[in-house]
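upload-v5.json follows; it contains JSON, C-alpha atoms.
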[["chain", "number", "residue", "atom", "x", "y", "z"],
["A", 1, "MET", "CA", 0.00, 0.00, 0.00],
["A", 2, "ALA", "CA", 2.77, 2.39, 1.01],
["A", 3, "GLU", "CA", 4.81, 1.37, -2.03],
["A", 4, "ALA", "CA", 1.97, 2.15, -4.42],
["A", 5, "ARG", "CA", 1.35, 5.58, -2.93],
["A", 6, "VAL", "CA", 5.01, 6.58, -3.00],
["A", 7, "GLY", "CA", 5.17, 5.70, -6.68],
["A", 8, "GLN", "CA", 8.54, 5.13, -8.31],
["A", 9, "LEU", "CA", 10.47, 5.96, -5.14],
["A", 10, "SER", "CA", 11.20, 2.70, -3.42],
["A", 11, "ALA", "CA", 12.32, 4.26, -0.14],
["A", 12, "THR", "CA", 10.15, 3.36, 2.85],
["A", 13, "GLU", "CA", 8.49, 6.11, 4.83],
["A", 14, "TRP", "CA", 11.12, 5.85, 7.57],
["A", 15, "ASP", "CA", 13.81, 6.67, 5.02],
["A", 16, "GLY", "CA", 12.06, 9.90, 4.10],
["A", 17, "ALA", "CA", 10.04, 8.80, 1.10],
["A", 18, "ALA", "CA", 8.31, 11.36, -1.11],
["A", 19, "SER", "CA", 5.28, 11.69, 1.15],
["A", 20, "PRO", "CA", 6.07, 9.99, 4.46],
["A", 21, "TYR", "CA", 2.77, 10.97, 6.11],
["A", 22, "ALA", "CA", 0.59, 10.67, 3.00],
["A", 23, "VAL", "CA", -1.33, 13.80, 4.00],
["A", 24, "SER", "CA", -1.44, 17.25, 2.41],
["A", 25, "HIS", "CA", 0.60, 20.05, 3.97],
["A", 26, "LYS", "CA", -2.65, 21.80, 4.96],
["A", 27, "LYS", "CA", -3.85, 18.77, 6.89],
["A", 28, "LEU", "CA", -0.49, 18.42, 8.63],
["A", 29, "GLY", "CA", -0.66, 22.11, 9.50],
["A", 30, "MET", "CA", -4.14, 21.76, 10.99],
["A", 31, "TRP", "CA", -3.06, 18.76, 13.03],
["A", 32, "LEU", "CA", -0.05, 20.66, 14.38],
["A", 33, "PHE", "CA", -2.34, 23.58, 15.27],
["A", 34, "ILE", "CA", -4.70, 21.15, 17.03],
["A", 35, "LEU", "CA", -1.82, 19.70, 19.03],
["A", 36, "SER", "CA", -0.71, 23.14, 20.20],
["A", 37, "ASP", "CA", -4.31, 24.05, 21.03],
["A", 38, "THR", "CA", -4.60, 20.77, 22.96],
["A", 39, "LEU", "CA", -1.75, 21.97, 25.14],
["A", 40, "THR", "CA", -3.41, 25.37, 25.68],
["A", 41, "PHE", "CA", -6.66, 23.78, 26.83],
["A", 42, "SER", "CA", -4.82, 21.12, 28.86],
["A", 43, "ALA", "CA", -2.91, 23.83, 30.70],
["A", 44, "LEU", "CA", -6.15, 25.70, 31.47],
["A", 45, "LEU", "CA", -8.01, 22.56, 32.56],
["A", 46, "ILE", "CA", -5.11, 21.44, 34.76],
["A", 47, "ALA", "CA", -4.79, 24.92, 36.27],
["A", 48, "TYR", "CA", -8.53, 24.85, 36.98],
["A", 49, "SER", "CA", -8.30, 21.41, 38.65],
["A", 50, "TYR", "CA", -5.23, 22.47, 40.63],
["A", 51, "LEU", "CA", -6.88, 25.63, 41.97],
["A", 52, "ARG", "CA", -10.03, 23.75, 42.72],
["A", 53, "ILE", "CA", -8.30, 21.09, 44.83],
["A", 54, "ALA", "CA", -6.20, 23.71, 46.63],
["A", 55, "SER", "CA", -9.28, 25.79, 47.57],
["A", 56, "ASP", "CA", -11.55, 24.75, 50.41],
["A", 57, "ASN", "CA", -14.53, 26.97, 49.56],
["A", 58, "TRP", "CA", -15.07, 26.15, 45.91],
["A", 59, "PRO", "CA", -18.70, 26.98, 45.04],
["A", 60, "THR", "CA", -20.95, 24.32, 43.50],
["A", 61, "PRO", "CA", -23.70, 26.51, 42.04],
["A", 62, "PHE", "CA", -24.90, 24.15, 39.31],
["A", 63, "HIS", "CA", -28.16, 22.30, 39.79],
["A", 64, "LEU", "CA", -30.15, 19.94, 37.63],
["A", 65, "TRP", "CA", -32.29, 22.77, 36.33],
["A", 66, "PRO", "CA", -31.34, 24.88, 34.48],
["A", 67, "SER", "CA", -27.52, 24.49, 34.48],
["A", 68, "LEU", "CA", -27.09, 20.74, 34.06],
["A", 69, "VAL", "CA", -29.98, 20.27, 31.63],
["A", 70, "MET", "CA", -28.67, 23.15, 29.50],
["A", 71, "ALA", "CA", -25.14, 21.74, 29.61],
["A", 72, "ILE", "CA", -26.48, 18.36, 28.48],
["A", 73, "VAL", "CA", -28.39, 19.98, 25.62],
["A", 74, "MET", "CA", -25.22, 21.86, 24.65],
["A", 75, "THR", "CA", -23.22, 18.61, 24.72],
["A", 76, "VAL", "CA", -25.78, 16.85, 22.53],
["A", 77, "LEU", "CA", -25.76, 19.83, 20.13],
["A", 78, "LEU", "CA", -21.97, 19.70, 19.78],
["A", 79, "LEU", "CA", -21.88, 15.92, 19.39],
["A", 80, "SER", "CA", -24.64, 16.04, 16.77],
["A", 81, "SER", "CA", -22.88, 18.85, 14.92],
["A", 82, "SER", "CA", -19.80, 16.62, 14.81],
["A", 83, "LEU", "CA", -21.94, 13.90, 13.24],
["A", 84, "THR", "CA", -23.32, 16.28, 10.59],
["A", 85, "MET", "CA", -19.77, 17.53, 9.94],
["A", 86, "VAL", "CA", -18.40, 14.05, 9.35],
["A", 87, "MET", "CA", -21.40, 13.34, 7.07],
["A", 88, "GLY", "CA", -20.58, 16.57, 5.22],
["A", 89, "VAL", "CA", -16.97, 15.49, 4.78],
["A", 90, "ALA", "CA", -18.11, 12.09, 3.47],
["A", 91, "ALA", "CA", -20.51, 13.79, 1.02],
["A", 92, "SER", "CA", -17.74, 16.10, -0.18],
["A", 93, "LYS", "CA", -15.44, 13.11, -0.77],
["A", 94, "ARG", "CA", -18.19, 11.51, -2.87],
["A", 95, "GLY", "CA", -18.41, 14.71, -4.90],
["A", 96, "ASP", "CA", -21.93, 15.50, -3.66],
["A", 97, "THR", "CA", -21.43, 19.24, -3.27],
["A", 98, "LYS", "CA", -25.05, 20.10, -2.53],
["A", 99, "ARG", "CA", -25.40, 17.62, 0.31],
["A", 100, "ALA", "CA", -21.97, 18.50, 1.71],
["A", 101, "VAL", "CA", -22.89, 22.18, 1.92],
["A", 102, "ARG", "CA", -26.22, 21.32, 3.52],
["A", 103, "TYR", "CA", -24.48, 19.21, 6.18],
["A", 104, "ILE", "CA", -21.96, 21.97, 6.88],
["A", 105, "LEU", "CA", -24.82, 24.47, 7.30],
["A", 106, "LEU", "CA", -26.45, 22.08, 9.79],
["A", 107, "THR", "CA", -23.14, 21.89, 11.65],
["A", 108, "MET", "CA", -22.99, 25.70, 11.81],
["A", 109, "LEU", "CA", -26.55, 25.71, 13.11],
["A", 110, "GLY", "CA", -25.55, 23.33, 15.93],
["A", 111, "GLY", "CA", -22.56, 25.53, 16.78],
["A", 112, "THR", "CA", -24.70, 28.67, 16.80],
["A", 113, "GLY", "CA", -27.26, 26.98, 19.07],
["A", 114, "PHE", "CA", -24.43, 26.03, 21.42],
["A", 115, "ILE", "CA", -23.19, 29.63, 21.57],
["A", 116, "ILE", "CA", -26.69, 31.02, 22.21],
["A", 117, "LEU", "CA", -27.33, 28.59, 25.10],
["A", 118, "HIS", "CA", -23.88, 29.20, 26.53],
["A", 119, "LEU", "CA", -24.22, 33.01, 26.39],
["A", 120, "ASN", "CA", -27.60, 32.66, 28.06],
["A", 121, "GLU", "CA", -25.96, 30.70, 30.85],
["A", 122, "TRP", "CA", -23.24, 33.33, 31.19],
["A", 123, "ARG", "CA", -25.93, 36.01, 31.42],
["A", 124, "GLY", "CA", -27.62, 34.07, 34.23],
["A", 125, "LEU", "CA", -24.39, 33.69, 36.19],
["A", 126, "ILE", "CA", -23.45, 37.35, 35.69],
["A", 127, "ASN", "CA", -26.93, 38.37, 36.92],
["A", 128, "GLU", "CA", -26.33, 36.26, 40.03],
["A", 129, "GLY", "CA", -23.19, 38.32, 40.68],
["A", 130, "VAL", "CA", -20.44, 36.06, 39.32],
["A", 131, "ARG", "CA", -17.50, 38.09, 38.02],
["A", 132, "LEU", "CA", -13.92, 37.26, 37.09],
["A", 133, "TRP", "CA", -12.76, 38.56, 40.47],
["A", 134, "HIS", "CA", -15.60, 37.72, 42.89],
["A", 135, "ASN", "CA", -18.84, 35.78, 43.32],
["A", 136, "PRO", "CA", -21.44, 35.53, 46.09],
["A", 137, "TRP", "CA", -20.66, 31.94, 47.12],
["A", 138, "GLY", "CA", -16.96, 31.28, 47.68],
["A", 139, "THR", "CA", -13.50, 31.68, 46.25],
["A", 140, "ALA", "CA", -13.18, 34.28, 43.49],
["A", 141, "LEU", "CA", -11.18, 31.74, 41.47],
["A", 142, "PHE", "CA", -14.46, 30.08, 40.47],
["A", 143, "GLY", "CA", -15.42, 33.00, 38.23],
["A", 144, "SER", "CA", -11.89, 33.48, 36.88],
["A", 145, "THR", "CA", -11.46, 29.86, 35.84],
["A", 146, "PHE", "CA", -15.04, 29.35, 34.66],
["A", 147, "PHE", "CA", -15.14, 32.37, 32.36],
["A", 148, "THR", "CA", -11.58, 31.87, 31.06],
["A", 149, "LEU", "CA", -12.10, 28.21, 30.26],
["A", 150, "THR", "CA", -15.58, 28.39, 28.78],
["A", 151, "GLY", "CA", -14.83, 31.76, 27.14],
["A", 152, "LEU", "CA", -11.82, 30.41, 25.27],
["A", 153, "HIS", "CA", -13.86, 27.40, 24.21],
["A", 154, "MET", "CA", -16.77, 29.56, 23.08],
["A", 155, "ALA", "CA", -14.35, 31.71, 21.07],
["A", 156, "HIS", "CA", -13.21, 28.51, 19.35],
["A", 157, "VAL", "CA", -16.81, 27.53, 18.55],
["A", 158, "ALA", "CA", -17.57, 31.02, 17.23],
["A", 159, "SER", "CA", -14.50, 31.13, 15.00],
["A", 160, "GLY", "CA", -15.33, 27.57, 13.92],
["A", 161, "VAL", "CA", -18.78, 28.68, 12.74],
["A", 162, "VAL", "CA", -17.19, 31.50, 10.71],
["A", 163, "TYR", "CA", -14.51, 29.13, 9.35],
["A", 164, "LEU", "CA", -17.12, 26.55, 8.31],
["A", 165, "GLY", "CA", -19.19, 29.28, 6.66],
["A", 166, "ALA", "CA", -16.18, 30.37, 4.60],
["A", 167, "VAL", "CA", -15.35, 26.77, 3.66],
["A", 168, "ALA", "CA", -18.98, 25.99, 2.72],
["A", 169, "ALA", "CA", -19.20, 29.11, 0.52],
["A", 170, "GLY", "CA", -15.86, 28.34, -1.13],
["A", 171, "PHE", "CA", -16.70, 24.67, -1.62],
["A", 172, "ALA", "CA", -20.08, 25.48, -3.17],
["A", 173, "ARG", "CA", -18.36, 27.76, -5.71],
["A", 174, "GLY", "CA", -15.57, 25.29, -6.40],
["A", 175, "ARG", "CA", -12.81, 27.38, -4.86],
["A", 176, "PHE", "CA", -12.15, 24.85, -2.10],
["A", 177, "THR", "CA", -11.68, 21.10, -2.46],
["A", 178, "ASP", "CA", -12.99, 18.19, -0.41],
["A", 179, "ASP", "CA", -9.60, 18.20, 1.35],
["A", 180, "ASP", "CA", -10.35, 21.72, 2.68],
["A", 181, "VAL", "CA", -13.73, 20.50, 3.94],
["A", 182, "GLU", "CA", -12.06, 17.59, 5.73],
["A", 183, "ILE", "CA", -9.50, 19.93, 7.34],
["A", 184, "SER", "CA", -12.22, 22.29, 8.60],
["A", 185, "GLY", "CA", -13.91, 19.14, 9.97],
["A", 186, "LEU", "CA", -10.77, 18.31, 11.96],
["A", 187, "TYR", "CA", -10.98, 21.71, 13.65],
["A", 188, "TRP", "CA", -14.67, 21.28, 14.42],
["A", 189, "HIS", "CA", -14.22, 17.83, 15.94],
["A", 190, "PHE", "CA", -11.40, 19.17, 18.07],
["A", 191, "VAL", "CA", -13.68, 21.88, 19.49],
["A", 192, "ASP", "CA", -16.19, 19.12, 20.27],
["A", 193, "LEU", "CA", -13.45, 17.03, 21.88],
["A", 194, "VAL", "CA", -12.40, 19.86, 24.21],
["A", 195, "TRP", "CA", -16.00, 20.18, 25.43],
["A", 196, "MET", "CA", -15.92, 16.46, 26.33],
["A", 197, "PHE", "CA", -13.45, 17.45, 29.07],
["A", 198, "ILE", "CA", -14.95, 20.81, 30.09],
["A", 199, "PHE", "CA", -18.40, 19.29, 30.57],
["A", 200, "PRO", "CA", -17.46, 16.72, 33.27],
["A", 201, "LEU", "CA", -14.76, 18.82, 34.94],
["A", 202, "VAL", "CA", -16.65, 22.09, 35.15],
["A", 203, "TYR", "CA", -20.31, 21.01, 35.25],
["A", 204, "LEU", "CA", -20.63, 17.45, 36.50],
["A", 205, "LEU", "CA", -18.13, 17.93, 39.32],
["A", 206, "SER", "CA", -19.77, 21.21, 40.38],
["A", 207, "LEU", "CA", -23.23, 19.79, 40.94],
["A", 208, "GLY", "CA", -24.69, 21.22, 44.10],
["A", 209, "ALA", "CA", -26.30, 19.02, 46.73],
["A", 210, "ARG", "CA", -29.81, 18.02, 45.73],
["B", 1, "MET", "CA", -6.75, 5.88, -1.30],
["B", 2, "SER", "CA", -7.17, 2.61, 0.54],
["B", 3, "THR", "CA", -10.44, 0.75, 0.23],
["B", 4, "GLU", "CA", -11.04, 1.25, 3.94],
["B", 5, "ILE", "CA", -11.04, 5.04, 3.58],
["B", 6, "ALA", "CA", -13.15, 4.78, 0.43],
["B", 7, "ASN", "CA", -15.66, 2.67, 2.35],
["B", 8, "MET", "CA", -15.89, 5.22, 5.14],
["B", 9, "HIS", "CA", -17.37, 7.74, 2.72],
["B", 10, "GLY", "CA", -20.11, 5.42, 1.51],
["B", 11, "GLU", "CA", -23.22, 3.93, 3.05],
["B", 12, "ALA", "CA", -21.27, 1.74, 5.49],
["B", 13, "GLY", "CA", -19.26, 4.76, 6.63],
["B", 14, "SER", "CA", -22.40, 6.77, 7.44],
["B", 15, "ARG", "CA", -23.75, 3.90, 9.52],
["B", 16, "LEU", "CA", -20.42, 3.68, 11.36],
["B", 17, "TYR", "CA", -20.50, 7.41, 12.13],
["B", 18, "VAL", "CA", -24.04, 7.19, 13.47],
["B", 19, "TRP", "CA", -22.95, 4.32, 15.73],
["B", 20, "VAL", "CA", -19.98, 6.32, 17.03],
["B", 21, "TRP", "CA", -22.36, 9.21, 17.71],
["B", 22, "ILE", "CA", -24.72, 6.88, 19.62],
["B", 23, "TYR", "CA", -21.78, 5.56, 21.70],
["B", 24, "LEU", "CA", -20.71, 9.12, 22.48],
["B", 25, "LEU", "CA", -24.23, 10.04, 23.59],
["B", 26, "ALA", "CA", -24.46, 6.87, 25.70],
["B", 27, "LEU", "CA", -21.15, 7.61, 27.41],
["B", 28, "THR", "CA", -22.34, 11.16, 28.10],
["B", 29, "ALA", "CA", -25.56, 9.79, 29.61],
["B", 30, "LEU", "CA", -23.50, 7.44, 31.78],
["B", 31, "GLU", "CA", -21.36, 10.36, 33.00],
["B", 32, "VAL", "CA", -24.40, 12.46, 33.84],
["B", 33, "GLY", "CA", -26.06, 9.55, 35.64],
["B", 34, "LEU", "CA", -22.99, 8.80, 37.75],
["B", 35, "ALA", "CA", -22.52, 12.46, 38.65],
["B", 36, "TYR", "CA", -26.18, 12.96, 39.52],
["B", 37, "VAL", "CA", -26.60, 10.02, 41.87],
["B", 38, "HIS", "CA", -23.24, 10.67, 43.60],
["B", 39, "VAL", "CA", -22.32, 6.97, 43.80],
["B", 40, "PHE", "CA", -18.59, 7.60, 44.22],
["B", 41, "SER", "CA", -16.44, 9.90, 46.34],
["B", 42, "THR", "CA", -15.28, 13.06, 44.54],
["B", 43, "THR", "CA", -11.82, 11.63, 43.83],
["B", 44, "ALA", "CA", -13.18, 8.35, 42.45],
["B", 45, "MET", "CA", -15.72, 10.36, 40.46],
["B", 46, "LEU", "CA", -12.94, 12.45, 38.94],
["B", 47, "VAL", "CA", -11.05, 9.33, 37.88],
["B", 48, "VAL", "CA", -14.16, 7.67, 36.40],
["B", 49, "LEU", "CA", -15.20, 10.84, 34.51],
["B", 50, "MET", "CA", -11.69, 11.35, 33.13],
["B", 51, "VAL", "CA", -11.45, 7.74, 31.92],
["B", 52, "LEU", "CA", -14.85, 8.04, 30.20],
["B", 53, "SER", "CA", -13.84, 11.38, 28.66],
["B", 54, "ILE", "CA", -10.60, 9.93, 27.33],
["B", 55, "VAL", "CA", -12.59, 7.09, 25.75],
["B", 56, "LYS", "CA", -14.90, 9.68, 24.15],
["B", 57, "ALA", "CA", -11.92, 11.72, 22.93],
["B", 58, "GLY", "CA", -10.42, 8.53, 21.50],
["B", 59, "LEU", "CA", -13.63, 7.74, 19.60],
["B", 60, "ILE", "CA", -13.73, 11.27, 18.17],
["B", 61, "VAL", "CA", -10.08, 11.23, 17.10],
["B", 62, "ALA", "CA", -10.17, 7.71, 15.67],
["B", 63, "TYR", "CA", -13.45, 7.88, 13.75],
["B", 64, "PHE", "CA", -14.58, 11.49, 13.26],
["B", 65, "MET", "CA", -11.05, 12.80, 12.74],
["B", 66, "HIS", "CA", -10.13, 9.72, 10.67],
["B", 67, "MET", "CA", -7.00, 8.95, 12.67],
["B", 68, "ARG", "CA", -7.81, 5.27, 12.26],
["B", 69, "SER", "CA", -7.26, 5.42, 8.53],
["B", 70, "GLU", "CA", -4.14, 7.61, 8.58],
["B", 71, "LYS", "CA", -0.69, 6.09, 8.12],
["B", 72, "MET", "CA", 0.95, 4.80, 11.26],
["B", 73, "THR", "CA", 3.96, 7.10, 10.73],
["B", 74, "PHE", "CA", 1.60, 10.08, 10.92],
["B", 75, "VAL", "CA", -0.16, 8.80, 14.03],
["B", 76, "LEU", "CA", 3.14, 8.03, 15.76],
["B", 77, "SER", "CA", 4.54, 11.45, 14.92],
["B", 78, "LEU", "CA", 1.60, 13.30, 16.44],
["B", 79, "MET", "CA", 0.08, 11.32, 19.29],
["B", 80, "PRO", "CA", 2.90, 10.19, 21.63],
["B", 81, "SER", "CA", 4.38, 13.70, 21.80],
["B", 82, "VAL", "CA", 1.12, 15.34, 22.84],
["B", 83, "VAL", "CA", 0.39, 12.60, 25.39],
["B", 84, "LEU", "CA", 3.89, 13.04, 26.85],
["B", 85, "VAL", "CA", 3.64, 16.83, 27.09],
["B", 86, "VAL", "CA", 0.17, 16.75, 28.66],
["B", 87, "SER", "CA", 1.48, 14.21, 31.19],
["B", 88, "LEU", "CA", 4.39, 16.54, 31.98],
["B", 89, "LEU", "CA", 1.89, 19.32, 32.71],
["B", 90, "PHE", "CA", 0.83, 17.25, 35.72],
["B", 91, "ALA", "CA", 4.32, 17.53, 37.25],
["B", 92, "PHE", "CA", 3.26, 20.28, 39.64],
["B", 93, "PHE", "CA", -0.12, 18.81, 40.39],
["B", 94, "PRO", "CA", 0.72, 17.10, 43.74],
["B", 95, "ASP", "CA", 1.42, 20.59, 45.13],
["B", 96, "SER", "CA", -2.31, 21.31, 45.05],
["B", 97, "PHE", "CA", -2.95, 18.57, 47.65],
["B", 98, "ARG", "CA", -0.01, 19.81, 49.72],
["B", 99, "LEU", "CA", -1.39, 23.35, 49.71],
["B", 100, "PHE", "CA", -4.76, 22.04, 50.80],
["B", 101, "GLU", "CA", -3.31, 20.03, 53.68],
["B", 102, "LEU", "CA", -1.08, 22.89, 54.84],
["B", 103, "ARG", "CA", -3.90, 25.36, 55.32],
["B", 104, "VAL", "CA", -5.37, 25.98, 58.76],
["B", 105, "GLN", "CA", -8.26, 23.56, 59.01]]
Would you put the structure from the file into structure tokens?
Amino acid sequence: MAEARVGQLSATEWDGAASPYAVSHKKLGMWLFILSDTLTFSALLIAYSYLRIASDNWPTPFHLWPSLVMAIVMTVLLLSSSLTMVMGVAASKRGDTKRAVRYILLTMLGGTGFIILHLNEWRGLINEGVRLWHNPWGTALFGSTFFTLTGLHMAHVASGVVYLGAVAAGFARGRFTDDDVEISGLYWHFVDLVWMFIFPLVYLLSLGAR
Amino acid sequence: MSTEIANMHGEAGSRLYVWVWIYLLALTALEVGLAYVHVFSTTAMLVVLMVLSIVKAGLIVAYFMHMRSEKMTFVLSLMPSVVLVVSLLFAFFPDSFRLFELRVQ
């Protein structure tokens, strides 16, 4: 398989064959970006966990309704948008431009829904008096870590929606290829993946007593 | 393009993606259930949730991000390094317990 892809060069991939990774430079670039972003989010999540363990008055303001239910809906929205994205990528690989664009639009819809619900939650918390530097319940670090972590993630979702919109428009007009669609998909799945860690660490472990 | 990748873009691929999505939703439901009924201590809970989340992340990377059908050289160039560096980020973590135990109770 490797031999056929490398073509006339007989060198194996470990000897630096023509295309050792068999991916385009754009895809490699996106993966490298995702790795560096993984480290950014890991650092924030670990800092959050560290501060939380080292504080004895960490507030647990989340209850089943509305916080947990909303967070579950947001998780389902992101997971479903990942499904529509991967369907869009598959459609683009088959050359079905119309369906691919429709799936990408659905993905953007899921992302937008996520942002709306999340902003609504932020509004609720801000109305209750949570700020970056203080909150009514306990250590001020709760607000700092919560808004930093979820804010950075929401910024990723928002830029993802814009990115997908640009890719969908370009793909519909033939300016972008199915490879570009797949690469934008990688970014979108990564944003979904990060939420898979924020959701248990920030929400599920902050459930207040029933 | 290998036949496996080609298959993933057809009918069989779509079914596979839907199954992965169902698994992800089921794992999420399991997490929520465990957190809501408080069956474990907080530490045990943290461990269980992290293991489940890593499984979910693995499913996303392998199937949605197509890591499963990439060449092994590519996978080996990307994955071990990021796992190592994230593990190194935990180097200072034991200090958080120390700080907690040092404070006036």
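In this structure, the chain B residues at most 6 Å away from chain A are His9, Ala35, Ser53, Ala57, Met65, Phe74, Ser96, Leu99 and Phe100 of chain B, with all atoms listed in the file considered.
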With 3 Å on each side, where is the centre of the axis-aligned box around all listed atoms of stretch 42-60 of chain B, and how long are its edges in Å to one decimal, as lines of an AutoDock Vina configuration file?
center_x = -13.1
center_y = 10.1
center_z = 31.4
size_x = 11.3
size_y = 12.0
size_z = 32.4
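Closest approach to B:Met45 among B:Val18, B:Ala26, B:Gly58, B:Glu31: B:Glu31, based on all atoms listed in the file.
Of the residues listed (A:Leu78, A:Thr148, A:Ala158, A:Pro61), A:Pro61 shows the shortest atom-to-atom separation from A:Glu128; distances use all atoms listed in the file.
Between atom CA of A:Ala100 and atom CA of B:Ile54 the interatomic distance comes to 29.3 Å.
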Test item: which residues lie within 12 Å of (-14.8, 25.9, -1.7) counting all atoms listed in the file, as a PyMOL selection string: chain A and resi 92+97-98+100-101+104+163-182+184
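Excluding A:Pro59 and any residue on its chain fewer than 6 positions from it, the residues at most 9 Å away by all atoms listed in the file are A:Asn135, A:Trp137, A:Gly138, A:Thr139, A:Phe142, A:Ser206, A:Gly208.
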message: For a test of reading the model, state the distance in Å between atom CA of B:Val47 and atom CA of A:Leu149, rounded to one decimal.
response: 20.4 Å
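The space between atom CA of B:Leu78 and atom CA of A:Gly29 spans 11.4 Å.
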